[in-house]
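Asker: File start-v9.tsv below, TSV, C-alpha atoms:
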chain	number	residue	atom	x	y	z
A	94	THR	CA	-11.76	89.37	87.59
A	95	THR	CA	-14.64	89.48	85.16
A	96	TYR	CA	-15.21	86.72	82.67
A	97	GLU	CA	-17.23	87.29	79.56
A	98	LYS	CA	-19.48	84.52	78.40
A	99	THR	CA	-20.17	84.25	74.73
A	100	GLU	CA	-23.12	82.26	73.59
A	101	ILE	CA	-22.45	79.85	70.79
A	102	GLU	CA	-25.23	80.49	68.33
A	103	LEU	CA	-24.82	77.48	66.10
A	104	ILE	CA	-23.00	74.15	66.23
A	105	VAL	CA	-22.09	72.27	63.06
A	106	GLU	CA	-21.94	68.48	63.01
A	107	LYS	CA	-19.28	67.55	60.46
A	108	ARG	CA	-19.32	64.41	58.29
A	109	SER	CA	-16.83	62.91	60.75
A	110	ARG	CA	-19.46	63.46	63.50
A	111	ASN	CA	-17.16	66.04	65.15
A	112	LEU	CA	-18.81	69.21	66.37
A	113	GLU	CA	-17.54	72.72	65.80
A	114	GLU	CA	-18.83	76.23	66.16
A	115	PHE	CA	-20.34	77.70	62.99
A	116	GLN	CA	-18.12	80.35	61.41
A	117	ILE	CA	-19.84	82.69	59.00
A	118	GLU	CA	-16.43	83.72	57.66
A	119	LYS	CA	-15.86	80.14	56.53
A	120	LEU	CA	-19.20	80.16	54.70
A	121	GLN	CA	-18.34	83.45	53.01
A	122	LYS	CA	-14.87	82.25	52.00
A	123	GLY	CA	-16.31	79.07	50.47
A	124	ILE	CA	-18.81	81.05	48.43
A	125	GLU	CA	-16.15	83.55	47.32
A	126	SER	CA	-13.95	80.66	46.20
A	127	ALA	CA	-16.82	79.22	44.19
A	128	PHE	CA	-17.02	82.44	42.20
A	129	GLY	CA	-13.29	82.20	41.50
A	130	GLY	CA	-12.78	85.77	40.33
A	131	GLN	CA	-16.10	86.06	38.52
A	132	ASP	CA	-18.11	89.20	39.03
A	133	ILE	CA	-19.88	89.40	42.37
A	134	THR	CA	-20.15	92.61	44.34
A	135	GLU	CA	-19.57	92.78	48.08
A	136	LYS	CA	-23.27	93.58	48.49
A	137	GLN	CA	-24.33	90.54	46.43
A	138	LEU	CA	-21.95	88.32	48.39
A	139	LYS	CA	-23.18	89.64	51.72
A	140	THR	CA	-26.82	89.16	50.70
A	141	LEU	CA	-26.12	85.61	49.55
A	142	VAL	CA	-24.28	84.72	52.77
A	143	ASP	CA	-26.97	86.37	54.93
A	144	ASN	CA	-29.78	84.51	53.17
A	145	ILE	CA	-28.05	81.16	53.53
A	146	TYR	CA	-27.19	81.85	57.17
A	147	LYS	CA	-30.80	82.76	57.91
A	148	GLU	CA	-32.03	79.44	56.50
A	149	ILE	CA	-29.37	77.51	58.40
A	150	LYS	CA	-30.28	79.17	61.71
A	151	GLU	CA	-33.93	78.20	61.21
A	152	GLN	CA	-32.84	74.58	61.79
A	153	GLY	CA	-32.03	75.25	65.44
A	154	LYS	CA	-28.79	75.38	67.41
A	155	LYS	CA	-27.24	72.30	65.79
A	156	VAL	CA	-27.02	71.67	62.06
A	157	LYS	CA	-25.32	69.04	59.93
A	158	SER	CA	-22.61	70.21	57.56
A	159	ASN	CA	-24.32	68.49	54.63
A	160	TYR	CA	-27.41	70.66	55.20
A	161	ILE	CA	-25.21	73.76	54.94
A	162	GLY	CA	-23.64	72.46	51.74
A	163	GLU	CA	-27.04	71.76	50.19
A	164	LYS	CA	-28.29	75.25	51.07
A	165	VAL	CA	-25.21	76.82	49.49
A	166	LEU	CA	-25.77	74.76	46.34
A	167	GLU	CA	-29.45	75.75	46.18
A	168	HIS	CA	-28.59	79.43	46.33
A	169	LEU	CA	-25.64	79.24	43.94
A	170	LYS	CA	-27.76	77.36	41.40
A	171	GLU	CA	-30.09	80.37	41.27
A	172	VAL	CA	-27.28	82.92	41.06
A	173	ASN	CA	-24.42	81.53	38.96
A	174	GLU	CA	-24.08	78.13	37.26
A	175	VAL	CA	-20.29	78.22	37.15
A	176	ALA	CA	-20.02	79.06	40.86
A	177	TYR	CA	-22.50	76.26	41.53
A	178	LEU	CA	-20.38	73.74	39.62
A	179	ARG	CA	-17.16	74.89	41.29
A	180	TYR	CA	-18.72	74.54	44.75
A	181	ALA	CA	-20.35	71.21	43.84
A	182	SER	CA	-17.03	69.83	42.63
A	183	VAL	CA	-15.54	70.30	46.09
A	184	TYR	CA	-18.66	69.56	48.14
A	185	LYS	CA	-19.56	66.41	46.21
A	186	GLU	CA	-15.91	65.41	45.79
A	187	PHE	CA	-15.89	65.09	41.99
A	188	SER	CA	-13.24	62.66	40.84
A	189	ASP	CA	-13.23	63.28	37.08
A	190	ALA	CA	-14.85	65.14	34.19
A	191	SER	CA	-17.79	62.73	34.05
A	192	ASP	CA	-18.91	64.02	37.47
A	193	PHE	CA	-19.12	67.52	35.98
A	194	GLU	CA	-21.05	66.19	33.00
A	195	LYS	CA	-23.60	64.48	35.26
A	196	GLU	CA	-24.06	67.63	37.31
A	197	VAL	CA	-24.51	69.80	34.20
A	198	ALA	CA	-27.06	67.32	32.84
A	199	GLU	CA	-29.11	67.74	36.03
A	200	PHE	CA	-29.15	71.49	35.44
A	201	ASN	CA	-31.22	71.13	32.26
What does the file become when written as structure tokens?

Answerer:
Amino acid sequence: TTYEKTEIELIVEKRSRNLEEFQIEKLQKGIESAFGGQDITEKQLKTLVDNIYKEIKEQGKKVKSNYIGEKVLEHLKEVNEVAYLRYASVYKEFSDASDFEKEVAEFN
């Protein structure tokens, strides 16, 4: 019997301190959700995900989930303000409209 070994490229340390294998599909899905039906081509999405992944991998084999979230926010801020705010509302756990107002104020 032959066993294949797969190398885990990247481990994510969650806020709970649990560790899990990085899943690029999860990153892509989160970014797609942030756009919420707004115009983004497959090519633009792929480029965005690839650029974020590249920066994450530069941190080594283990990365904290908050670092990933901050990188996503950095990139979304440059690309689409609405997608940025949608992602920030989940990532930063907005509780009411004032959280949105504060975030928008930081944009300017």

Asker: Work out how far apart atom CA of A:Gln116 and atom CA of A:Val172 are and give it in Å to one decimal.

Answerer: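 Separation of atom CA of A:Gln116 and atom CA of A:Val172: 22.5 Å.
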
Asker: Tell me which protein, DNA and RNA residues are within 7 Å of A:Ala127, counting all atoms listed in the file, leaving out same-chain ones fewer than 4 positions away, and put them as a ChimeraX atom specification.

Answerer: /A:123,176-177,179-180

Asker: Could the residues in this selection be saved with C-alpha atoms as a CSV table (one decimal), in the coordinates of the input?

Answerer:
chain,number,residue,atom,x,y,z
A,123,GLY,CA,-16.3,79.1,50.5
A,176,ALA,CA,-20.0,79.1,40.9
A,177,TYR,CA,-22.5,76.3,41.5
A,179,ARG,CA,-17.2,74.9,41.3
A,180,TYR,CA,-18.7,74.5,44.8

Asker: Could you state the separation of atom CA of A:Val165 and atom CA of A:Gly130 in Å, given to one decimal place?

Answerer: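 Atom CA of A:Gly130 lies at a distance of 17.8 Å from atom CA of A:Val165.
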
Asker: For atom CA of A:Ile149 and atom CA of A:Val175, quote the distance in Å rounded to one decimal.

Answerer: 23.1 Å

Asker: Could you give me, as an MDAnalysis selection string, the residues within 12 Å of stretch 141-143 of chain A, counting all atoms listed in the file and dropping anything in the same chain fewer than 6 positions from it?

Answerer: chainID A and resid 116:125 133:135 149:150 161 164:173

Asker: For each of A:Leu178, A:Lys155, A:Phe115, A:Asp192, take the minimum atom-to-atom distance to A:Gly129, counting only C-alpha atoms, then give the residue where this is smallest.

Answerer: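 Looking only at the distances to A:Gly129, the closest residue turns out to be A:Leu178.
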
Asker: Find the residues near stretch 103-106 of chain A: any atom within 6 Å, counting only C-alpha atoms, skip ones fewer than 4 places away on the same chain, and give them as an mmCIF file with C-alpha atoms, in the coordinates of the input.

Answerer:
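Below you can see selection00.cif, which holds the result:
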data_model
loop_
_atom_site.group_PDB
_atom_site.id
_atom_site.type_symbol
_atom_site.label_atom_id
_atom_site.label_comp_id
_atom_site.auth_asym_id
_atom_site.auth_seq_id
_atom_site.Cartn_x
_atom_site.Cartn_y
_atom_site.Cartn_z
ATOM 1 C CA ARG A 110 -19.460 63.460 63.500
ATOM 2 C CA ASN A 111 -17.160 66.040 65.150
ATOM 3 C CA LEU A 112 -18.810 69.210 66.370
ATOM 4 C CA GLU A 113 -17.540 72.720 65.800
ATOM 5 C CA GLU A 114 -18.830 76.230 66.160
ATOM 6 C CA PHE A 115 -20.340 77.700 62.990
ATOM 7 C CA LYS A 154 -28.790 75.380 67.410
ATOM 8 C CA LYS A 155 -27.240 72.300 65.790
ATOM 9 C CA VAL A 156 -27.020 71.670 62.060
ATOM 10 C CA LYS A 157 -25.320 69.040 59.930
ATOM 11 C CA SER A 158 -22.610 70.210 57.560
#
